file start_1.tsv (TSV, N, CA and C atoms)
chain	number	residue	atom	x	y	z
H	1	VAL	N	5.70	5.27	13.41
H	1	VAL	CA	4.34	5.27	12.88
H	1	VAL	C	3.37	4.89	13.98
H	2	GLN	N	2.27	5.62	14.07
H	2	GLN	CA	1.24	5.26	15.04
H	2	GLN	C	-0.14	5.63	14.51
H	3	LEU	N	-1.13	4.91	15.08
H	3	LEU	CA	-2.53	5.19	14.78
H	3	LEU	C	-3.19	5.69	16.06
H	4	GLN	N	-3.92	6.78	15.95
H	4	GLN	CA	-4.59	7.37	17.09
H	4	GLN	C	-6.09	7.40	16.83
H	5	ALA	N	-6.83	6.64	17.62
H	5	ALA	CA	-8.28	6.57	17.46
H	5	ALA	C	-8.96	7.48	18.47
H	6	SER	N	-10.13	7.97	18.08
H	6	SER	CA	-10.91	8.84	18.97
H	6	SER	C	-12.38	8.74	18.59
H	7	GLY	N	-13.23	9.24	19.50
H	7	GLY	CA	-14.64	9.35	19.18
H	7	GLY	C	-15.57	8.41	19.93
H	8	GLY	N	-15.01	7.52	20.74
H	8	GLY	CA	-15.87	6.62	21.48
H	8	GLY	C	-16.62	7.33	22.59
H	9	GLY	N	-17.52	6.61	23.23
H	9	GLY	CA	-18.27	7.20	24.32
H	9	GLY	C	-19.52	6.41	24.62
H	10	LEU	N	-20.37	7.01	25.42
H	10	LEU	CA	-21.64	6.40	25.82
H	10	LEU	C	-22.76	6.97	24.97
H	11	VAL	N	-23.58	6.11	24.42
H	11	VAL	CA	-24.69	6.54	23.59
H	11	VAL	C	-25.89	5.65	23.86
H	12	GLN	N	-27.08	6.21	23.72
H	12	GLN	CA	-28.29	5.42	23.93
H	12	GLN	C	-28.58	4.56	22.70
H	13	PRO	N	-29.28	3.47	22.88
H	13	PRO	CA	-29.70	2.66	21.73
H	13	PRO	C	-30.42	3.51	20.70
H	14	GLY	N	-30.09	3.29	19.44
H	14	GLY	CA	-30.66	4.08	18.36
H	14	GLY	C	-29.87	5.32	18.02
H	15	GLY	N	-28.89	5.64	18.85
H	15	GLY	CA	-28.09	6.83	18.63
H	15	GLY	C	-26.96	6.60	17.65
H	16	SER	N	-26.14	7.64	17.51
H	16	SER	CA	-25.04	7.62	16.54
H	16	SER	C	-23.74	8.05	17.19
H	17	LEU	N	-22.65	7.55	16.66
H	17	LEU	CA	-21.31	7.98	17.04
H	17	LEU	C	-20.45	7.93	15.79
H	18	ARG	N	-19.42	8.76	15.78
H	18	ARG	CA	-18.46	8.76	14.69
H	18	ARG	C	-17.06	8.55	15.27
H	19	LEU	N	-16.41	7.48	14.84
H	19	LEU	CA	-15.05	7.20	15.25
H	19	LEU	C	-14.09	7.70	14.18
H	20	SER	N	-12.96	8.20	14.64
H	20	SER	CA	-11.92	8.67	13.72
H	20	SER	C	-10.59	8.06	14.11
H	21	CYS	N	-9.74	7.89	13.13
H	21	CYS	CA	-8.41	7.33	13.37
H	21	CYS	C	-7.44	8.01	12.42
H	22	ALA	N	-6.35	8.50	12.97
H	22	ALA	CA	-5.35	9.20	12.17
H	22	ALA	C	-4.02	8.49	12.28
H	23	ALA	N	-3.39	8.30	11.15
H	23	ALA	CA	-2.05	7.70	11.12
H	23	ALA	C	-1.02	8.82	11.01
H	24	SER	N	0.08	8.65	11.73
H	24	SER	CA	1.13	9.67	11.67
H	24	SER	C	2.50	8.99	11.68
H	25	GLY	N	3.48	9.73	11.23
H	25	GLY	CA	4.83	9.20	11.17
H	25	GLY	C	5.37	9.25	9.74
H	26	SER	N	6.45	8.54	9.51
H	26	SER	CA	7.09	8.53	8.19
H	26	SER	C	6.42	7.51	7.30
H	27	ILE	N	5.31	7.91	6.72
H	27	ILE	CA	4.44	7.01	5.95
H	27	ILE	C	4.67	7.24	4.47
H	28	PHE	N	4.91	6.13	3.76
H	28	PHE	CA	5.02	6.21	2.31
H	28	PHE	C	3.65	6.04	1.67
H	29	ARG	N	2.92	5.05	2.15
H	29	ARG	CA	1.59	4.79	1.61
H	29	ARG	C	0.81	3.94	2.61
H	30	ILE	N	-0.51	4.13	2.63
H	30	ILE	CA	-1.39	3.30	3.44
H	30	ILE	C	-2.29	2.49	2.52
H	31	ASN	N	-2.25	1.19	2.66
H	31	ASN	CA	-3.10	0.33	1.84
H	31	ASN	C	-4.47	0.17	2.53
H	32	ASP	N	-4.87	-1.05	2.84
H	32	ASP	CA	-6.17	-1.25	3.47
H	32	ASP	C	-6.21	-0.63	4.87
H	33	MET	N	-7.37	-0.09	5.22
H	33	MET	CA	-7.63	0.40	6.56
H	33	MET	C	-8.91	-0.24	7.05
H	34	GLY	N	-9.07	-0.29	8.37
H	34	GLY	CA	-10.27	-0.95	8.86
H	34	GLY	C	-10.55	-0.68	10.32
H	35	TRP	N	-11.71	-1.13	10.72
H	35	TRP	CA	-12.12	-1.08	12.12
H	35	TRP	C	-12.49	-2.48	12.58
H	36	TYR	N	-12.05	-2.81	13.77
H	36	TYR	CA	-12.37	-4.07	14.43
H	36	TYR	C	-12.91	-3.74	15.81
H	37	ARG	N	-13.55	-4.71	16.41
H	37	ARG	CA	-14.05	-4.48	17.77
H	37	ARG	C	-13.93	-5.74	18.59
H	38	GLN	N	-13.85	-5.52	19.90
H	38	GLN	CA	-13.79	-6.65	20.84
H	38	GLN	C	-14.69	-6.36	22.01
H	39	ALA	N	-15.73	-7.17	22.12
H	39	ALA	CA	-16.65	-7.07	23.24
H	39	ALA	C	-16.10	-7.87	24.42
H	40	PRO	N	-16.56	-7.55	25.64
H	40	PRO	CA	-16.07	-8.30	26.81
H	40	PRO	C	-16.31	-9.79	26.66
H	41	GLY	N	-15.27	-10.56	26.87
H	41	GLY	CA	-15.40	-12.01	26.80
H	41	GLY	C	-15.45	-12.60	25.41
H	42	LYS	N	-15.26	-11.76	24.41
H	42	LYS	CA	-15.34	-12.25	23.03
H	42	LYS	C	-14.05	-11.95	22.28
H	43	GLN	N	-13.90	-12.63	21.16
H	43	GLN	CA	-12.72	-12.38	20.32
H	43	GLN	C	-12.90	-11.10	19.51
H	44	ARG	N	-11.79	-10.55	19.11
H	44	ARG	CA	-11.82	-9.38	18.24
H	44	ARG	C	-12.43	-9.79	16.90
H	45	GLU	N	-13.30	-8.94	16.37
H	45	GLU	CA	-13.95	-9.24	15.11
H	45	GLU	C	-13.89	-8.05	14.16
H	46	LEU	N	-13.95	-8.37	12.89
H	46	LEU	CA	-13.94	-7.33	11.87
H	46	LEU	C	-15.26	-6.58	11.86
H	47	VAL	N	-15.17	-5.27	11.75
H	47	VAL	CA	-16.37	-4.44	11.60
H	47	VAL	C	-16.50	-3.99	10.15
H	48	ALA	N	-15.44	-3.36	9.65
H	48	ALA	CA	-15.46	-2.84	8.28
H	48	ALA	C	-14.05	-2.58	7.81
H	49	THR	N	-13.83	-2.75	6.52
H	49	THR	CA	-12.54	-2.42	5.92
H	49	THR	C	-12.76	-1.58	4.67
H	50	ILE	N	-11.70	-0.87	4.29
H	50	ILE	CA	-11.77	-0.03	3.11
H	50	ILE	C	-10.41	-0.04	2.44
H	51	THR	N	-10.41	-0.25	1.13
H	51	THR	CA	-9.15	-0.24	0.38
H	51	THR	C	-8.73	1.19	0.08
H	52	ARG	N	-7.53	1.31	-0.46
H	52	ARG	CA	-7.04	2.63	-0.82
H	52	ARG	C	-7.94	3.27	-1.89
H	53	GLY	N	-8.53	2.42	-2.70
H	53	GLY	CA	-9.44	2.91	-3.72
H	53	GLY	C	-10.88	3.05	-3.25
H	54	SER	N	-11.08	2.88	-1.92
H	54	SER	CA	-12.38	3.07	-1.26
H	54	SER	C	-13.40	1.97	-1.52
H	55	SER	N	-12.95	0.78	-1.87
H	55	SER	CA	-13.85	-0.37	-1.87
H	55	SER	C	-14.04	-0.80	-0.42
H	56	THR	N	-15.28	-1.08	-0.06
H	56	THR	CA	-15.58	-1.37	1.34
H	56	THR	C	-16.11	-2.78	1.55
H	57	ASN	N	-15.97	-3.22	2.79
H	57	ASN	CA	-16.47	-4.53	3.21
H	57	ASN	C	-16.97	-4.38	4.64
H	58	TYR	N	-18.14	-4.96	4.92
H	58	TYR	CA	-18.75	-4.82	6.24
H	58	TYR	C	-19.12	-6.17	6.82
H	59	ALA	N	-19.06	-6.26	8.13
H	59	ALA	CA	-19.63	-7.41	8.81
H	59	ALA	C	-21.15	-7.37	8.62
H	60	ASP	N	-21.74	-8.53	8.52
H	60	ASP	CA	-23.19	-8.59	8.31
H	60	ASP	C	-23.95	-7.86	9.41
H	61	SER	N	-23.41	-7.90	10.61
H	61	SER	CA	-24.11	-7.33	11.77
H	61	SER	C	-24.19	-5.80	11.72
H	62	VAL	N	-23.37	-5.16	10.89
H	62	VAL	CA	-23.37	-3.70	10.86
H	62	VAL	C	-23.79	-3.14	9.50
H	63	LYS	N	-24.02	-4.00	8.53
H	63	LYS	CA	-24.41	-3.53	7.20
H	63	LYS	C	-25.68	-2.69	7.28
H	64	GLY	N	-25.65	-1.56	6.58
H	64	GLY	CA	-26.80	-0.68	6.56
H	64	GLY	C	-26.85	0.29	7.73
H	65	ARG	N	-25.98	0.08	8.73
H	65	ARG	CA	-25.97	0.97	9.90
H	65	ARG	C	-24.65	1.73	10.03
H	66	PHE	N	-23.56	1.09	9.65
H	66	PHE	CA	-22.23	1.69	9.77
H	66	PHE	C	-21.70	2.03	8.38
H	67	THR	N	-20.92	3.11	8.33
H	67	THR	CA	-20.27	3.51	7.08
H	67	THR	C	-18.81	3.84	7.35
H	68	ILE	N	-17.93	3.18	6.62
H	68	ILE	CA	-16.50	3.46	6.74
H	68	ILE	C	-16.08	4.37	5.60
H	69	SER	N	-15.18	5.28	5.90
H	69	SER	CA	-14.67	6.19	4.88
H	69	SER	C	-13.22	6.53	5.21
H	70	ARG	N	-12.51	7.07	4.25
H	70	ARG	CA	-11.11	7.43	4.48
H	70	ARG	C	-10.75	8.66	3.68
H	71	ASP	N	-9.69	9.31	4.14
H	71	ASP	CA	-9.13	10.45	3.43
H	71	ASP	C	-7.65	10.14	3.22
H	72	ASN	N	-7.29	9.80	2.02
H	72	ASN	CA	-5.90	9.40	1.75
H	72	ASN	C	-4.91	10.55	1.94
H	73	ALA	N	-5.36	11.76	1.69
H	73	ALA	CA	-4.47	12.92	1.85
H	73	ALA	C	-4.16	13.19	3.32
H	74	LYS	N	-5.11	12.87	4.19
H	74	LYS	CA	-4.94	13.12	5.62
H	74	LYS	C	-4.56	11.87	6.40
H	75	ASN	N	-4.49	10.74	5.72
H	75	ASN	CA	-4.16	9.46	6.38
H	75	ASN	C	-5.14	9.15	7.52
H	76	THR	N	-6.40	9.33	7.24
H	76	THR	CA	-7.42	9.09	8.26
H	76	THR	C	-8.46	8.09	7.77
H	77	VAL	N	-9.07	7.42	8.72
H	77	VAL	CA	-10.20	6.54	8.44
H	77	VAL	C	-11.26	6.82	9.49
H	78	ASN	N	-12.52	6.83	9.05
H	78	ASN	CA	-13.62	7.13	9.95
H	78	ASN	C	-14.65	6.00	9.91
H	79	LEU	N	-15.42	5.92	10.98
H	79	LEU	CA	-16.51	4.96	11.05
H	79	LEU	C	-17.73	5.68	11.60
H	80	GLN	N	-18.71	5.91	10.74
H	80	GLN	CA	-19.97	6.50	11.16
H	80	GLN	C	-20.90	5.37	11.57
H	81	MET	N	-21.33	5.42	12.82
H	81	MET	CA	-22.16	4.35	13.37
H	81	MET	C	-23.54	4.91	13.70
H	82	ASN	N	-24.55	4.42	13.03
H	82	ASN	CA	-25.93	4.86	13.25
H	82	ASN	C	-26.76	3.69	13.77
H	83	SER	N	-27.91	4.02	14.32
H	83	SER	CA	-28.84	2.99	14.82
H	83	SER	C	-28.11	2.01	15.74
H	84	LEU	N	-27.35	2.54	16.66
H	84	LEU	CA	-26.54	1.69	17.53
H	84	LEU	C	-27.40	0.82	18.42
H	85	LYS	N	-26.90	-0.39	18.67
H	85	LYS	CA	-27.57	-1.37	19.50
H	85	LYS	C	-26.69	-1.72	20.69
H	86	PRO	N	-27.27	-2.21	21.76
H	86	PRO	CA	-26.44	-2.61	22.91
H	86	PRO	C	-25.36	-3.62	22.53
H	87	GLU	N	-25.64	-4.47	21.57
H	87	GLU	CA	-24.65	-5.47	21.15
H	87	GLU	C	-23.48	-4.87	20.37
H	88	ASP	N	-23.55	-3.58	20.07
H	88	ASP	CA	-22.41	-2.90	19.45
H	88	ASP	C	-21.40	-2.45	20.50
H	89	THR	N	-21.73	-2.61	21.76
H	89	THR	CA	-20.81	-2.23	22.83
H	89	THR	C	-19.52	-3.04	22.74
H	90	ALA	N	-18.41	-2.33	22.67
H	90	ALA	CA	-17.11	-2.98	22.52
H	90	ALA	C	-16.01	-1.92	22.51
H	91	VAL	N	-14.79	-2.40	22.60
H	91	VAL	CA	-13.64	-1.55	22.31
H	91	VAL	C	-13.38	-1.64	20.81
H	92	TYR	N	-13.34	-0.50	20.17
H	92	TYR	CA	-13.14	-0.44	18.72
H	92	TYR	C	-11.68	-0.07	18.42
H	93	TYR	N	-11.10	-0.83	17.52
H	93	TYR	CA	-9.70	-0.63	17.14
H	93	TYR	C	-9.61	-0.30	15.65
H	94	CYS	N	-8.81	0.69	15.32
H	94	CYS	CA	-8.55	0.93	13.92
H	94	CYS	C	-7.28	0.19	13.53
H	95	SER	N	-7.20	-0.15	12.27
H	95	SER	CA	-6.06	-0.90	11.75
H	95	SER	C	-5.72	-0.38	10.37
H	96	ALA	N	-4.44	-0.47	10.04
H	96	ALA	CA	-4.02	-0.05	8.71
H	96	ALA	C	-2.76	-0.79	8.31
H	97	PHE	N	-2.66	-1.10	7.04
H	97	PHE	CA	-1.42	-1.67	6.51
H	97	PHE	C	-0.63	-0.50	5.95
H	98	ILE	N	0.48	-0.21	6.60
H	98	ILE	CA	1.23	1.01	6.30
H	98	ILE	C	2.59	0.65	5.72
H	99	VAL	N	2.89	1.31	4.63
H	99	VAL	CA	4.18	1.10	3.97
H	99	VAL	C	5.11	2.26	4.31
H	100	THR	N	6.26	1.91	4.84
H	100	THR	CA	7.29	2.91	5.15
H	100	THR	C	8.54	2.60	4.32
H	101	ALA	N	9.59	3.33	4.55
H	101	ALA	CA	10.84	3.08	3.84
H	101	ALA	C	11.41	1.69	4.17
H	102	GLN	N	10.98	1.16	5.32
H	102	GLN	CA	11.46	-0.16	5.76
H	102	GLN	C	10.57	-1.29	5.27
H	103	GLY	N	9.48	-0.96	4.62
H	103	GLY	CA	8.57	-1.99	4.14
H	103	GLY	C	7.17	-1.82	4.71
H	104	GLY	N	6.30	-2.82	4.46
H	104	GLY	CA	4.92	-2.71	4.89
H	104	GLY	C	4.60	-3.58	6.09
H	105	SER	N	3.76	-3.07	6.99
H	105	SER	CA	3.35	-3.81	8.18
H	105	SER	C	1.96	-3.38	8.60
H	106	PRO	N	1.24	-4.27	9.28
H	106	PRO	CA	-0.04	-3.86	9.86
H	106	PRO	C	0.20	-3.11	11.17
H	107	TYR	N	-0.60	-2.09	11.38
H	107	TYR	CA	-0.54	-1.31	12.60
H	107	TYR	C	-1.94	-1.23	13.23
H	108	TRP	N	-1.96	-1.11	14.56
H	108	TRP	CA	-3.21	-1.02	15.31
H	108	TRP	C	-3.22	0.24	16.16
H	109	GLY	N	-4.42	0.84	16.25
H	109	GLY	CA	-4.61	1.93	17.18
H	109	GLY	C	-4.82	1.39	18.58
H	110	GLN	N	-4.96	2.30	19.54
H	110	GLN	CA	-5.01	1.92	20.94
H	110	GLN	C	-6.38	1.47	21.39
H	111	GLY	N	-7.39	1.66	20.58
H	111	GLY	CA	-8.74	1.25	20.97
H	111	GLY	C	-9.52	2.38	21.60
H	112	THR	N	-10.79	2.43	21.29
H	112	THR	CA	-11.68	3.43	21.89
H	112	THR	C	-12.99	2.73	22.25
H	113	LEU	N	-13.46	2.99	23.48
H	113	LEU	CA	-14.60	2.26	24.01
H	113	LEU	C	-15.91	2.89	23.55
H	114	VAL	N	-16.78	2.05	23.02
H	114	VAL	CA	-18.13	2.45	22.66
H	114	VAL	C	-19.10	1.68	23.55
H	115	THR	N	-19.93	2.40	24.27
H	115	THR	CA	-20.92	1.79	25.14
H	115	THR	C	-22.30	2.23	24.71
H	116	VAL	N	-23.14	1.27	24.37
H	116	VAL	CA	-24.51	1.56	23.95
H	116	VAL	C	-25.44	1.07	25.06
H	117	SER	N	-26.04	2.01	25.74
H	117	SER	CA	-26.85	1.66	26.90
H	117	SER	C	-27.81	2.79	27.22
H	118	SER	N	-28.97	2.41	27.73
H	118	SER	CA	-29.93	3.42	28.17
H	118	SER	C	-29.76	3.71	29.65
call {"tool": "encode", "arguments": {"input": "start_1.tsv", "output": "structure tokens"}}
result
Amino acid sequence: VQLQASGGGLVQPGGSLRLSCAASGSIFRINDMGWYRQAPGKQRELVATITRGSSTNYADSVKGRFTISRDNAKNTVNLQMNSLKPEDTAVYYCSAFIVTAQGGSPYWGQGTLVTVSS
């Protein structure tokens, strides 16, 4: 089982980016999915999570600007980021609790860099 994230890049303040993450492998079910980020010199922090039933939770710093969504049929989770600020610059990681025939475990993607700068 692996998670593959994509969509990072360089964007100007006020711009938008869409991150995507796809899970692959022998997956029985995916429970909660989410996005986290880690800025240079800082700890990894939660950005947004989404349950299998699409209930969402956001960090206060991104509420109203970011939207998390998922497609259970495709085992994907997306993060639409609008009105980006320089302080959103970080490596973004997707995460998912994945149930396989061996049981359930949290998995992490490899990270994708988002740089917000003029």
call {"tool": "residues_around", "arguments": {"input": "start_1.tsv", "residues": "H:Ile50", "least_positions_apart": "3", "cutoff": "5 Å", "atoms": "all atoms listed in the file", "output": "number ranges by chain"}}
result
H: 32-34, 55-56
call {"tool": "atom_distance", "arguments": {"input": "start_1.tsv", "atom1": "atom CA of H:Gln110", "atom2": "atom CA of H:Arg44"}}
result
13.5 Å
call {"tool": "atom_distance", "arguments": {"input": "start_1.tsv", "atom1": "atom CA of H:Asp88", "atom2": "atom CA of H:Tyr107"}}
result
23.0 Å
call {"tool": "residues_around", "arguments": {"input": "start_1.tsv", "residues": "stretch 7-14 of chain H", "least_positions_apart": "6", "cutoff": "6 Å", "atoms": "only C-alpha atoms", "output": "VMD selection string"}}
result
chain H and resid 83 to 85 112 to 118
call {"tool": "select_by_dssp", "arguments": {"input": "start_1.tsv", "residues": "stretch 3-62 of chain H", "states": "strand (DSSP E or B)", "output": "PyMOL selection string"}}
result
chain H and resi 3-6+9-11+17-24+29-38+45-50+56-58
call {"tool": "closest_residue", "arguments": {"input": "start_1.tsv", "among": "H:Ala96, H:Ala39, H:Val1, H:Val91", "to": "H:Ser24", "atoms": "all atoms listed in the file"}}
result
H:Val1
call {"tool": "closest_residue", "arguments": {"input": "start_1.tsv", "among": "H:Met81, H:Ala90, H:Ile68, H:Ala23", "to": "H:Pro106", "atoms": "only C-alpha atoms"}}
result
H:Ala23
call {"tool": "atom_distance", "arguments": {"input": "start_1.tsv", "atom1": "atom CA of H:Gln4", "atom2": "atom N of H:Arg52"}}
result
18.8 Å
call {"tool": "closest_residue", "arguments": {"input": "start_1.tsv", "among": "H:Gln43, H:Thr100, H:Asn75, H:Gln80", "to": "H:Ile27", "atoms": "all atoms listed in the file"}}
result
H:Thr100
call {"tool": "residues_around", "arguments": {"input": "start_1.tsv", "residues": "H:Ser69", "least_positions_apart": "6", "cutoff": "8 Å", "atoms": "only C-alpha atoms", "output": "ChimeraX atom specification"}}
result
/H:50,54,77-79
